[in-house]
Each structure stands twice: as structure tokens, then as C-alpha cells.
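Q: entry-v1.cif is the file, holding mmCIF, C-alpha atoms:
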```
data_structure
#
loop_
_atom_site.label_atom_id
_atom_site.label_comp_id
_atom_site.auth_asym_id
_atom_site.auth_seq_id
_atom_site.Cartn_x
_atom_site.Cartn_y
_atom_site.Cartn_z
CA MET E 1015 -11.59 -12.67 7.82
CA ALA E 1016 -14.95 -14.04 6.79
CA TYR E 1017 -16.55 -12.83 3.58
CA SER E 1018 -20.25 -11.95 3.62
CA ASP E 1019 -22.68 -14.22 1.76
CA LYS E 1020 -23.16 -11.57 -0.92
CA VAL E 1021 -19.42 -11.33 -1.56
CA ILE E 1022 -19.18 -15.12 -1.82
CA ASP E 1023 -22.13 -15.18 -4.19
CA HIS E 1024 -20.57 -12.58 -6.51
CA TYR E 1025 -17.22 -14.31 -6.25
CA ASN E 1026 -18.61 -17.71 -7.17
CA ASN E 1027 -21.05 -16.39 -9.78
CA PRO E 1028 -19.58 -13.13 -11.02
CA ARG E 1029 -22.02 -11.21 -13.23
CA ASN E 1030 -20.97 -9.74 -16.54
CA VAL E 1031 -17.42 -11.04 -16.74
CA GLY E 1032 -15.82 -10.39 -20.08
CA SER E 1033 -14.70 -7.66 -22.39
CA MET E 1034 -15.94 -5.46 -25.18
CA ASP E 1035 -14.18 -3.89 -28.12
CA LYS E 1036 -12.09 -1.14 -26.63
CA SER E 1037 -11.89 0.77 -29.88
CA SER E 1038 -15.65 0.89 -30.45
CA ALA E 1039 -17.06 4.43 -30.30
CA ASP E 1040 -19.91 3.55 -27.93
CA VAL E 1041 -17.72 1.61 -25.48
CA GLY E 1042 -16.02 3.28 -22.51
CA THR E 1043 -13.18 1.49 -20.74
CA GLY E 1044 -11.88 2.12 -17.22
CA LEU E 1045 -8.72 0.43 -16.00
CA VAL E 1046 -7.88 1.20 -12.38
CA GLY E 1047 -5.68 -0.22 -9.68
CA ALA E 1048 -5.34 -0.38 -5.91
CA PRO E 1049 -1.63 -0.35 -5.26
CA GLU E 1050 -2.05 -1.17 -1.56
CA CYS E 1051 -2.81 -4.73 -2.56
CA GLY E 1052 -1.80 -4.83 -6.22
CA ASP E 1053 -5.32 -5.31 -7.61
CA VAL E 1054 -6.34 -4.35 -11.14
CA MET E 1055 -9.89 -3.82 -12.31
CA LYS E 1056 -11.18 -3.25 -15.82
CA LEU E 1057 -14.76 -2.11 -16.30
CA GLN E 1058 -16.36 -1.43 -19.66
CA ILE E 1059 -19.69 0.12 -20.54
CA LYS E 1060 -21.64 0.24 -23.77
CA VAL E 1061 -23.69 3.41 -24.02
CA ASN E 1062 -26.58 4.28 -26.30
CA PRO E 1063 -25.52 7.66 -27.75
CA GLN E 1064 -29.14 8.79 -28.25
CA THR E 1065 -30.37 8.13 -24.71
CA ASN E 1066 -27.06 8.06 -22.77
CA VAL E 1067 -28.29 4.82 -21.21
CA ILE E 1068 -25.69 2.18 -20.31
CA GLU E 1069 -26.98 -0.85 -22.19
CA ASP E 1070 -24.28 -3.30 -21.25
CA ALA E 1071 -21.37 -3.57 -18.84
CA LYS E 1072 -18.50 -6.02 -18.52
CA PHE E 1073 -15.66 -6.38 -16.05
CA LYS E 1074 -12.52 -8.34 -15.44
CA THR E 1075 -10.78 -8.02 -12.09
CA PHE E 1076 -7.59 -9.59 -10.82
CA GLY E 1077 -7.67 -9.28 -7.07
CA CYS E 1078 -9.26 -10.47 -3.87
CA GLY E 1079 -12.84 -11.67 -3.43
CA SER E 1080 -14.03 -8.25 -2.31
CA ALA E 1081 -12.55 -6.54 -5.37
CA ILE E 1082 -14.21 -9.06 -7.67
CA ALA E 1083 -17.55 -8.75 -5.85
CA SER E 1084 -17.37 -4.93 -5.87
CA SER E 1085 -16.80 -4.79 -9.62
CA SER E 1086 -19.38 -7.48 -10.33
CA LEU E 1087 -21.94 -5.50 -8.34
CA ALA E 1088 -20.87 -2.27 -10.08
CA THR E 1089 -21.66 -3.75 -13.52
CA GLU E 1090 -25.07 -4.86 -12.27
CA TRP E 1091 -25.83 -1.43 -10.91
CA VAL E 1092 -24.74 0.65 -13.92
CA LYS E 1093 -26.70 -1.42 -16.42
CA GLY E 1094 -29.91 0.39 -17.41
CA LYS E 1095 -28.79 3.63 -15.77
CA THR E 1096 -27.99 6.81 -17.67
CA ILE E 1097 -24.45 8.15 -17.55
CA ASP E 1098 -25.51 10.83 -15.07
CA GLU E 1099 -27.25 8.33 -12.83
CA ALA E 1100 -24.24 6.02 -12.86
CA LEU E 1101 -22.01 8.89 -11.76
CA THR E 1102 -23.96 9.15 -8.52
CA ILE E 1103 -23.05 5.63 -7.37
CA LYS E 1104 -21.02 5.92 -4.18
CA ASN E 1105 -18.45 3.48 -2.88
CA THR E 1106 -20.23 3.55 0.49
CA GLU E 1107 -23.32 2.03 -1.14
CA ILE E 1108 -21.19 -0.85 -2.38
CA VAL E 1109 -19.71 -1.26 1.12
CA LYS E 1110 -23.21 -1.42 2.56
CA GLU E 1111 -24.61 -3.82 -0.03
CA LEU E 1112 -21.69 -6.25 0.32
CA SER E 1113 -21.10 -5.71 4.07
CA LEU E 1114 -17.42 -5.06 3.38
CA PRO E 1115 -15.20 -4.79 6.46
CA PRO E 1116 -13.08 -1.62 6.93
CA VAL E 1117 -9.93 -3.27 5.52
CA LYS E 1118 -11.76 -3.89 2.23
CA ILE E 1119 -13.25 -0.44 1.73
CA HIS E 1120 -10.55 0.31 -0.85
CA CYS E 1121 -12.10 -2.39 -3.06
CA SER E 1122 -15.34 -0.41 -3.21
CA VAL E 1123 -13.38 2.78 -3.92
CA LEU E 1124 -11.73 0.95 -6.78
CA ALA E 1125 -15.11 -0.05 -8.23
CA GLU E 1126 -16.37 3.53 -8.09
CA ASP E 1127 -13.15 4.70 -9.72
CA ALA E 1128 -13.63 2.11 -12.46
CA ILE E 1129 -17.17 3.34 -13.23
CA ARG E 1130 -15.96 6.96 -13.40
CA ALA E 1131 -12.95 6.06 -15.53
CA ALA E 1132 -15.13 4.13 -17.99
CA ILE E 1133 -17.62 7.00 -18.27
CA CYS E 1134 -14.79 9.51 -18.68
CA ASP E 1135 -13.31 7.41 -21.50
CA TRP E 1136 -16.70 7.20 -23.23
CA LYS E 1137 -17.26 10.95 -22.89
CA LYS E 1138 -13.86 11.63 -24.41
CA LYS E 1139 -14.76 9.48 -27.38
CA GLN E 1140 -18.03 11.35 -27.87
CA GLY E 1141 -16.15 14.64 -27.81
CA ALA E 1142 -13.67 13.36 -30.38
CA GLU E 1143 -16.47 12.17 -32.65
CA LYS E 1144 -17.93 15.63 -32.93
CA PRO E 1145 -15.11 18.05 -33.65
CA VAL E 1146 -15.98 21.58 -32.64
CA ALA E 1147 -16.12 23.87 -35.65
CA ALA E 1148 -14.86 26.87 -33.70
CA GLU E 1149 -11.51 25.12 -33.27
CA ALA E 1150 -10.79 25.39 -36.97
CA LYS E 1151 -8.47 28.30 -37.58
CA MET X 793 24.06 16.35 22.37
CA THR X 794 24.55 12.62 22.62
CA THR X 795 24.72 10.74 25.86
CA LYS X 796 25.99 7.22 26.20
CA SER X 797 24.03 5.09 28.59
CA ALA X 798 26.21 3.04 30.89
CA PHE X 799 23.62 0.31 31.06
CA THR X 800 22.40 -0.14 27.55
CA GLY X 801 25.39 0.92 25.53
CA ILE X 802 22.92 2.70 23.28
CA SER X 803 23.40 6.35 22.56
CA THR X 804 20.25 8.26 23.20
CA LYS X 805 19.13 11.72 22.38
CA PRO X 806 16.29 12.53 24.76
CA PRO X 807 14.11 15.31 23.36
CA ALA X 808 14.74 18.52 25.33
CA GLU X 809 11.12 18.97 26.31
CA GLU X 810 10.91 15.44 27.63
CA ASN X 811 13.60 15.35 30.25
CA HIS X 812 12.51 12.84 32.83
CA SER X 813 14.11 11.91 36.05
CA CYS X 814 14.34 8.33 37.26
CA TRP X 815 11.28 7.30 39.26
CA SER X 816 13.55 5.46 41.70
CA CYS X 817 16.65 7.58 42.33
CA GLY X 818 15.73 10.93 40.77
CA ALA X 819 18.70 11.10 38.38
CA MET X 820 18.21 12.07 34.75
CA ARG X 821 17.47 8.92 32.84
CA ALA X 822 18.21 7.40 29.48
CA ALA X 823 15.48 5.91 27.29
CA HIS X 824 15.02 2.49 28.83
CA PHE X 825 17.08 2.27 32.03
CA CYS X 826 18.26 4.82 34.56
CA GLU X 827 21.87 5.77 33.92
CA SER X 828 22.43 6.07 37.63
CA CYS X 829 20.73 3.16 39.33
CA GLY X 830 20.00 0.95 36.32
CA LYS X 831 16.28 0.48 37.03
CA VAL X 832 13.90 -0.07 34.13
CA GLN X 833 11.88 3.02 33.23
CA PRO X 834 8.24 3.36 32.17
CA PRO X 835 7.92 3.23 28.37
CA ALA X 836 8.11 6.69 26.86
CA PRO X 837 5.69 7.65 24.08
CA VAL X 838 8.34 7.85 21.36
CA ASP X 839 8.53 6.64 17.76
CA TYR X 840 10.57 3.57 16.84
CA PHE X 841 13.54 5.62 15.69
CA ALA X 842 13.73 7.41 19.05
CA PHE X 843 13.18 4.12 20.86
CA PHE X 844 16.50 2.90 19.49
CA GLY X 845 18.14 6.26 20.06
CA LEU X 846 18.55 6.72 16.31
CA PRO X 847 18.81 10.11 14.65
CA ARG X 848 15.40 11.60 14.03
CA ARG X 849 13.56 9.93 11.13
CA GLN X 850 16.67 9.03 9.16
CA LEU X 851 16.10 6.23 6.69
CA ASN X 852 19.65 5.09 6.17
CA LEU X 853 20.61 3.24 9.29
CA ASP X 854 23.20 0.79 10.47
CA VAL X 855 21.25 -2.47 10.51
CA ALA X 856 24.10 -4.42 12.11
CA LYS X 857 24.16 -1.99 15.01
CA LEU X 858 20.38 -2.09 15.22
CA GLU X 859 20.53 -5.85 15.56
CA LYS X 860 23.22 -5.66 18.22
CA ASP X 861 21.22 -3.10 20.21
CA PHE X 862 18.12 -5.23 19.83
CA TYR X 863 19.74 -8.33 21.31
CA GLU X 864 21.33 -6.37 24.10
CA LEU X 865 18.06 -4.71 25.07
CA SER X 866 16.15 -7.98 24.72
CA ARG X 867 18.46 -9.56 27.24
CA LYS X 868 18.12 -6.71 29.71
CA LEU X 869 14.36 -6.57 29.38
CA HIS X 870 13.92 -10.33 29.68
CA PRO X 871 11.40 -11.35 32.40
CA ASP X 872 14.06 -13.50 34.10
CA VAL X 873 16.16 -10.39 34.71
CA SER X 874 13.35 -8.49 36.39
CA ALA X 875 11.91 -11.52 38.19
CA ARG X 876 12.80 -10.09 41.57
CA ALA X 877 11.78 -6.51 40.75
CA SER X 878 8.45 -5.01 41.78
CA ALA X 879 5.29 -5.87 39.87
CA GLN X 880 5.30 -2.36 38.38
CA GLU X 881 8.86 -2.75 37.09
CA GLN X 882 8.02 -6.13 35.61
CA GLU X 883 5.09 -4.59 33.80
CA TRP X 884 7.30 -1.82 32.41
CA SER X 885 9.85 -4.38 31.28
CA LEU X 886 7.16 -6.28 29.49
CA GLU X 887 5.81 -3.16 27.77
CA GLN X 888 9.32 -2.06 26.78
CA SER X 889 10.00 -5.54 25.50
CA SER X 890 6.93 -5.60 23.32
CA MET X 891 7.74 -2.18 21.88
CA LEU X 892 11.31 -3.31 21.32
CA ASN X 893 10.13 -6.24 19.21
CA ASP X 894 7.75 -4.12 17.14
CA ALA X 895 10.36 -1.41 16.65
CA TYR X 896 13.04 -3.86 15.59
CA ARG X 897 10.84 -5.79 13.16
CA THR X 898 9.74 -2.53 11.57
CA LEU X 899 13.11 -0.82 11.31
CA ARG X 900 15.24 -3.73 10.14
CA ASP X 901 13.08 -4.23 7.03
CA PRO X 902 13.71 -1.55 4.39
CA ILE X 903 10.14 -1.53 3.10
CA LYS X 904 8.46 -1.59 6.52
CA ARG X 905 10.84 1.11 7.70
CA THR X 906 9.87 3.34 4.76
CA GLN X 907 6.15 2.66 5.23
CA TYR X 908 6.46 3.44 8.93
CA LEU X 909 8.24 6.71 8.24
CA LEU X 910 5.59 7.74 5.72
CA ARG X 911 2.93 7.03 8.34
CA LEU X 912 4.83 9.15 10.87
CA GLU X 913 4.84 11.89 8.26
CA GLY X 914 1.06 11.65 8.16
CA ILE X 915 0.81 10.06 4.71
CA GLU X 916 -2.20 7.75 4.71
CA LEU X 917 -2.41 6.23 1.25
CA GLU X 918 -5.82 4.65 1.52
CA GLU X 919 -7.30 7.78 3.06
CA GLN X 920 -5.84 9.85 0.20
CA SER X 921 -7.28 7.54 -2.42
CA LYS X 922 -10.71 7.64 -0.81
CA SER X 923 -10.82 11.42 -0.58
CA ALA X 924 -9.62 11.73 -4.20
CA THR X 925 -12.58 9.58 -5.24
CA GLU X 926 -14.94 11.70 -3.18
CA ARG X 927 -13.50 14.83 -4.80
CA ALA X 928 -14.02 13.33 -8.25
CA ARG X 929 -17.62 12.53 -7.36
CA ALA X 930 -18.29 16.04 -6.06
CA THR X 931 -16.56 18.01 -8.81
CA GLY X 932 -16.81 15.75 -11.83
CA GLU X 933 -13.05 15.98 -12.26
CA THR X 934 -11.14 12.87 -13.24
CA LYS X 935 -9.31 11.11 -10.44
CA LYS X 936 -5.71 10.61 -11.31
CA GLN X 937 -4.64 7.00 -10.82
CA ILE X 938 -1.58 6.83 -8.61
CA VAL X 939 -0.07 4.03 -10.63
CA PRO X 940 1.09 4.83 -14.17
CA PRO X 941 -1.56 3.64 -16.68
CA ASP X 942 0.96 1.67 -18.73
CA LEU X 943 1.90 -0.34 -15.65
CA LEU X 944 -1.78 -1.11 -15.07
CA GLU X 945 -2.09 -2.23 -18.70
CA GLU X 946 0.94 -4.43 -18.31
CA VAL X 947 -0.31 -5.98 -15.07
CA PHE X 948 -3.67 -6.64 -16.67
CA GLU X 949 -2.20 -8.23 -19.79
CA LEU X 950 0.17 -10.47 -17.87
CA ASN X 951 -2.67 -11.59 -15.62
CA MET X 952 -4.66 -12.52 -18.72
CA GLN X 953 -1.73 -14.62 -19.96
CA LEU X 954 -1.43 -16.28 -16.56
CA GLU X 955 -5.10 -17.11 -16.57
CA GLU X 956 -4.72 -18.73 -19.97
CA LEU X 957 -1.66 -20.69 -18.89
CA ARG X 958 -3.43 -21.86 -15.73
CA ALA X 959 -6.34 -23.13 -17.81
CA GLN X 960 -3.96 -24.88 -20.23
CA LYS X 961 -2.10 -26.53 -17.39
CA LYS X 962 -5.35 -27.77 -15.92
CA MET X 963 -6.06 -29.52 -19.23
CA GLY X 964 -2.51 -30.84 -19.27
CA GLU X 965 -1.69 -29.19 -22.57
CA ASP X 966 0.36 -26.09 -21.90
CA ASP X 967 1.68 -24.23 -24.89
CA PRO X 968 5.51 -24.23 -24.74
CA ALA X 969 5.66 -20.81 -26.39
CA LEU X 970 3.45 -19.31 -23.67
CA VAL X 971 5.45 -21.02 -20.91
CA GLU X 972 8.62 -19.59 -22.38
CA GLU X 973 7.13 -16.13 -22.74
CA VAL X 974 5.87 -16.09 -19.13
CA GLY X 975 9.22 -17.43 -17.91
CA ARG X 976 10.99 -14.59 -19.71
CA GLN X 977 8.67 -12.07 -18.10
CA LYS X 978 9.35 -13.59 -14.69
CA LEU X 979 13.07 -12.91 -14.99
CA GLU X 980 12.43 -9.40 -16.16
CA LEU X 981 10.03 -8.74 -13.29
CA GLU X 982 12.50 -10.01 -10.71
CA GLU X 983 15.10 -7.64 -12.08
CA ARG X 984 12.69 -4.73 -11.87
CA TYR X 985 11.75 -5.75 -8.33
CA ASP X 986 15.38 -5.49 -7.21
CA GLY X 987 15.79 -2.26 -9.14
CA LEU X 988 12.92 -0.67 -7.22
CA LEU X 989 14.70 -1.25 -3.92
CA GLU X 990 17.76 0.52 -5.30
CA GLU X 991 15.58 3.37 -6.47
CA LEU X 992 14.03 3.58 -3.01
CA GLU X 993 17.45 3.70 -1.37
CA ASN X 994 18.35 6.66 -3.53
CA TYR X 995 15.34 8.53 -2.22
CA TRP X 996 16.41 7.65 1.33
CA LYS X 997 19.57 9.63 0.69
CA GLU X 998 17.60 12.63 -0.53
CA TRP X 999 15.30 12.32 2.45
CA ASP X 1000 18.07 12.10 5.04
CA VAL X 1001 19.79 15.20 3.68
CA LEU X 1002 16.55 17.16 4.04
CA ILE X 1003 15.88 15.82 7.55
CA ASP X 1004 19.40 16.81 8.56
CA ARG X 1005 18.58 20.42 7.83
CA GLY X 1006 16.03 20.47 10.66
CA PRO X 1007 12.51 19.33 11.33
CA GLU X 1008 10.67 22.42 10.12
CA ALA X 1009 12.77 23.33 7.11
CA ASN X 1010 11.86 22.58 3.49
CA ALA X 1011 8.49 20.92 4.06
CA GLU X 1012 7.75 21.09 0.34
CA GLU X 1013 10.92 19.34 -0.70
CA ARG X 1014 10.29 16.66 1.88
CA ALA X 1015 6.75 16.12 0.62
CA ALA X 1016 8.15 15.72 -2.89
CA VAL X 1017 10.62 13.03 -1.80
CA ALA X 1018 7.92 11.31 0.26
CA LYS X 1019 5.74 11.21 -2.84
CA LYS X 1020 8.52 9.57 -4.84
CA MET X 1021 8.90 6.93 -2.13
CA VAL X 1022 5.15 6.30 -2.16
CA ASP X 1023 5.38 5.85 -5.94
CA VAL X 1024 8.10 3.26 -5.64
CA LEU X 1025 6.23 1.32 -2.96
CA ASN X 1026 3.07 1.30 -5.07
CA ARG X 1027 4.82 0.02 -8.17
CA ARG X 1028 6.67 -2.51 -6.05
CA ASN X 1029 3.39 -3.95 -4.73
CA TYR X 1030 2.28 -4.72 -8.28
CA ILE X 1031 5.58 -6.23 -9.30
CA ARG X 1032 5.70 -8.29 -6.09
CA ASN X 1033 2.26 -9.76 -6.78
CA LEU X 1034 3.17 -10.51 -10.38
CA VAL X 1035 6.38 -12.29 -9.40
CA ARG X 1036 4.41 -14.30 -6.84
CA ASP X 1037 1.64 -15.25 -9.29
CA VAL X 1038 3.95 -15.99 -12.21
CA THR X 1039 6.08 -18.23 -10.00
CA ALA X 1040 3.01 -20.06 -8.71
CA VAL X 1041 1.71 -20.73 -12.23
CA LEU X 1042 5.06 -21.84 -13.62
CA GLU X 1043 5.61 -24.21 -10.70
CA SER X 1044 2.10 -25.66 -10.79
#
```
As C-alpha cells, please, write out the structure in this file.

A:
Amino acid sequence: MAYSDKVIDHYNNPRNVGSMDKSSADVGTGLVGAPECGDVMKLQIKVNPQTNVIEDAKFKTFGCGSAIASSSLATEWVKGKTIDEALTIKNTEIVKELSLPPVKIHCSVLAEDAIRAAICDWKKKQGAEKPVAAEAK
Amino acid sequence: MTTKSAFTGISTKPPAEENHSCWSCGAMRAAHFCESCGKVQPPAPVDYFAFFGLPRRQLNLDVAKLEKDFYELSRKLHPDVSARASAQEQEWSLEQSSMLNDAYRTLRDPIKRTQYLLRLEGIELEEQSKSATERARATGETKKQIVPPDLLEEVFELNMQLEELRAQKKMGEDDPALVEEVGRQKLELEERYDGLLEELENYWKEWDVLIDRGPEANAEERAAVAKKMVDVLNRRNYIRNLVRDVTAVLES
């Protein structure tokens, strides 16, 4: 199977590889996997709590070229977006951008899952930071 | 109701609604050859289990007998045997032959057999994952990862170690402590890999008991066992990749 030029480009020059401090309050971490092929993908976002804008994103993926390209593209796309905007990213848009063949669609699903998981983790942290007074008995 | 075919030696259980007569002599036929005149029959649209005349969707099967049946049928379906038959019969032989090979390769392998059965049961893993993502997008609910999070953590961490070891080896200065640690993990992973097959075989037993009770009965219980098998296969994929990658790095 031939990879598209965009996949090869992301594979050879992945954007935003790395990691951020998982325990930091403004960092959300998503760790997801595609058991069909045994891939793992970690995507982290750093969110400005005042504006809800994703100021930075990092990823580390162990998997095939399409999984790496999908997560690399995902970090590019979420950067500068608000949390709500990032939640509208669809795996089909990743498929289209990278011209992924049908057998690699699950890689794009994984990238979307990773974005959602990271945002969910961040939201949880924000909730924990501000304990609700009504809960006190 | 089990009939023994005189020509194939394979017991077959033709489904009641699919009783065919031989195209050549009109007698009731067995799966692959007519019991009466021995002519090859057109391939029937059956699953691999039925192709070999095995009990319906049972996971525990006699692999030695499967192999014996395979070789016997291969011989009978060989082009040399039907060389003097009509063009139509030769075509049927060829089609039967190709299905025979696919069926045998699938059923003899415990993992492929399980995956095939799950597909027959309508369980499409990738499709499920995709629709779960779409649901999460539409409702804002969190998609539940099908692999336990601690396994994902473990896979991620070990991959990080492997990456480090690969880099060290490239420089020709691998850290003996890291080599030892990865080697220890390799042994542990291989053990878990074998253990997962045993776990899977236990679910086969549960499955076969349920199937024995009839095709329509206890759909919920069957779905629960199918889910456990899916779980094992998923975890096994990760462990398989890790064993492969760890071995490659240690041997590099």
C-alpha cells in the first residue's frame, strides 16, 4: 500500500512530538489505542483557562505511518482552537486531508479519540480545581 | 441427524431448508460430492464450519480430524481427478478447492477461527469503534476505550524504553541495566501471551455450551461470551506487537 505524500511528510517531519507535564492543571492528556493493530497514541494539550484556547499540543504515537500522521495533523489542527472548536474535528476530515485508504480509517478514529480524551482529562481537572460548595454537607 | 458420505468420509449435516438433489443423478447429495454417483457438486453458500460438516459454530474442534478431512478433500478436488469431467464440473471443483483452502487455513488456527466466528456473529470491531467515536462526538459523552487503560499505559511506557534502547544501540553504548530490564519484560510478556490463549480456550468452552442449547436461545449470554473473546483478542494484539518489537530490539 502506498502512503500519500502528506502522510509521508508528517511521518518524516512529525509536528509537535513530545510530552508535557501530565500533572499540570492546564494540561490535558489522552492516551488511546487501536487494538486491531496494537497502536498507542498519546496526545496532550495545554489550555489557557481564561480563554479555553489550546495554546500548545504534543503527541507521541507508536504505530504505523498513518497513525503517526493522523496524530501529528491532529496536534496542528487543535492548536489555536478553543476547546469547543476542537471537539468538532471529525475523523473523516483527517481521512480527507491525508487521503487515508479504507484500511487506515481506524488511525483517524484514533486521532479523534485522542483529542476527545485529552479534552475530557483537562475538563475533569478544571472541575476538580473548583470544588462545588453545594457538595459540602 | 448425521449422514456419512460414502465418498468423502466426512459426516455432514445438511441444513433442512437446503436439501439439494444431485444435478447429475437426482439423488440427495452430501456437501461436496453426490453420495450416489460421486459427482462433484456446485459449491453451496455455507460457512466454513458447515463446509467441513462440523457442528454449527462450535469453537472446540478436532484439529487432527480437520487436517485429515482437508487432505482427503484436497485429493478428491484436485484438477487431475476431474480432468476428464465436463468444463462445468471442473469449474465447481476449482471453486470447492479454493473454499476448502480458505476454510482450512481459517479453522485450523485458533485465533483466526475465533475471529471468523465473531465475524459470523456480526461483530465488526472497527465498525463498532467508529460508531462509538461518532456517538461521543454527537452526545459529548466519553468514549470508553476497549483496552484497559493500564494496559495502554504499560504499552506506552515499554515502547518509550524500547525507543531509548534503540537509540543507545545505534550509538553502540547500550546500558546493561536497561537491556536486562527489557529482557525481563520480554519473558513476562511471552508468558502472558501464552496465558491469553488459555483464557480464550476457556471462553470457547462457555461458547460451545451456549451454542449447544440452540441457535436462538440465550442471545444475551452469547453476546457476553463473545465480548470476552473480543477482549482477549484485543489484549493479545498488543502483547503480540510488544513481544515482536522487544525481540527485534534485543536482537539488533

Q: Can you list, as JSON, numbers by chain, every protein, DNA or RNA residue that comes within 12 Å of segment 1023-1027 of chain X when you count all atoms listed in the file, leaving out same-chain residues fewer than 6 positions away?

A: {"E": [1047, 1048, 1049, 1050, 1051, 1052, 1053], "X": [902, 903, 904, 905, 906, 907, 910, 917, 918, 937, 938, 939, 940, 941, 942, 943, 944, 946, 947, 981, 984, 985, 986, 987, 988, 989, 990, 991, 992, 993, 994, 995, 996, 1016, 1017, 1033, 1034]}

Q: Write out, as a tab-separated table, each residue of chain E that has an atom at most 10 Å from chain X, together with the closest pair of atoms and their distance in Å to one decimal, counting all atoms listed in the file, rows going by chain and rising number.

A:
```
residue	atom	partner	partner_atom	distance
E:Leu1045	CA	X:Leu944	CA	7.2
E:Val1046	CA	X:Gln937	CA	6.8
E:Gly1047	CA	X:Leu944	CA	6.7
E:Ala1048	CA	X:Val939	CA	8.3
E:Pro1049	CA	X:Asn1026	CA	5.0
E:Glu1050	CA	X:Asn1026	CA	6.7
E:Cys1051	CA	X:Asn1029	CA	6.6
E:Gly1052	CA	X:Tyr1030	CA	4.6
E:Asp1053	CA	X:Tyr1030	CA	7.7
E:Val1054	CA	X:Phe948	CA	6.6
E:Met1055	CA	X:Phe948	CA	8.1
E:Lys1056	CA	X:Phe948	CA	8.3
E:Lys1074	CA	X:Phe948	CA	9.1
E:Thr1075	CA	X:Phe948	CA	8.6
E:Phe1076	CA	X:Asn951	CA	7.2
E:Gly1077	CA	X:Asn1033	CA	9.9
E:Leu1101	CA	X:Arg929	CA	7.2
E:Thr1102	CA	X:Arg929	CA	7.3
E:Ile1103	CA	X:Arg929	CA	8.8
E:Lys1104	CA	X:Arg929	CA	8.1
E:Asn1105	CA	X:Thr925	CA	8.8
E:Val1117	CA	X:Glu918	CA	9.8
E:Ile1119	CA	X:Lys922	CA	8.8
E:His1120	CA	X:Glu918	CA	6.8
E:Ser1122	CA	X:Lys922	CA	9.6
E:Val1123	CA	X:Lys922	CA	6.4
E:Leu1124	CA	X:Thr925	CA	8.8
E:Glu1126	CA	X:Thr925	CA	7.7
E:Asp1127	CA	X:Thr925	CA	6.6
E:Arg1130	CA	X:Thr934	CA	7.6
E:Ala1131	CA	X:Thr934	CA	7.4
E:Cys1134	CA	X:Thr934	CA	7.4
```

Q: Between atom CA of Ala1040 of chain X and atom CA of Leu950 of chain X, what is the spacing in Å?

A: 13.6 Å

Q: Kindly give the distance, in Å, that separates atom CA of Arg1036 of chain X and atom CA of Lys961 of chain X, rounded to a single decimal.

A: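 Value for the atom CA of Arg1036 of chain X-atom CA of Lys961 of chain X distance: 17.4 Å.
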
Q: One decimal, Å: what's the distance from atom CA of Arg911 of chain X over to atom CA of Ala1015 of chain X, could you say?

A: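 Distance between the two atoms: 12.5 Å.
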
Q: List the neighbours of Val1001 of chain X out to 12 Å using all atoms listed in the file; skip same-chain residues closer than 2 positions along the sequence, and give me the result as a VMD selection string.

A: chain X and resid 848 to 852 994 to 999 1003 to 1007 1009 to 1010 1013 to 1014 1017

Q: When the PyMOL selection byres ((chain E and resi 1032) around 8) is applied to the file above, which residues end up in the set, as a PDB file with C-alpha atoms, in the coordinates of the input?

A:
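Below you can see expr-v4.pdb, which holds the result:
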```pdb
ATOM      1  CA  ASN E1030     -20.970  -9.740 -16.540  1.00  0.00           C
ATOM      2  CA  VAL E1031     -17.420 -11.040 -16.740  1.00  0.00           C
ATOM      3  CA  SER E1033     -14.700  -7.660 -22.390  1.00  0.00           C
ATOM      4  CA  MET E1034     -15.940  -5.460 -25.180  1.00  0.00           C
ATOM      5  CA  LYS E1072     -18.500  -6.020 -18.520  1.00  0.00           C
ATOM      6  CA  PHE E1073     -15.660  -6.380 -16.050  1.00  0.00           C
ATOM      7  CA  LYS E1074     -12.520  -8.340 -15.440  1.00  0.00           C
TER       8      LYS E1074
END
```

Q: Which of these residues is nearest to Ser1080 of chain E, using only C-alpha atoms: E:Arg1029, E:Lys1036, E:Lys1060, E:Lys1020?

A: E:Lys1020
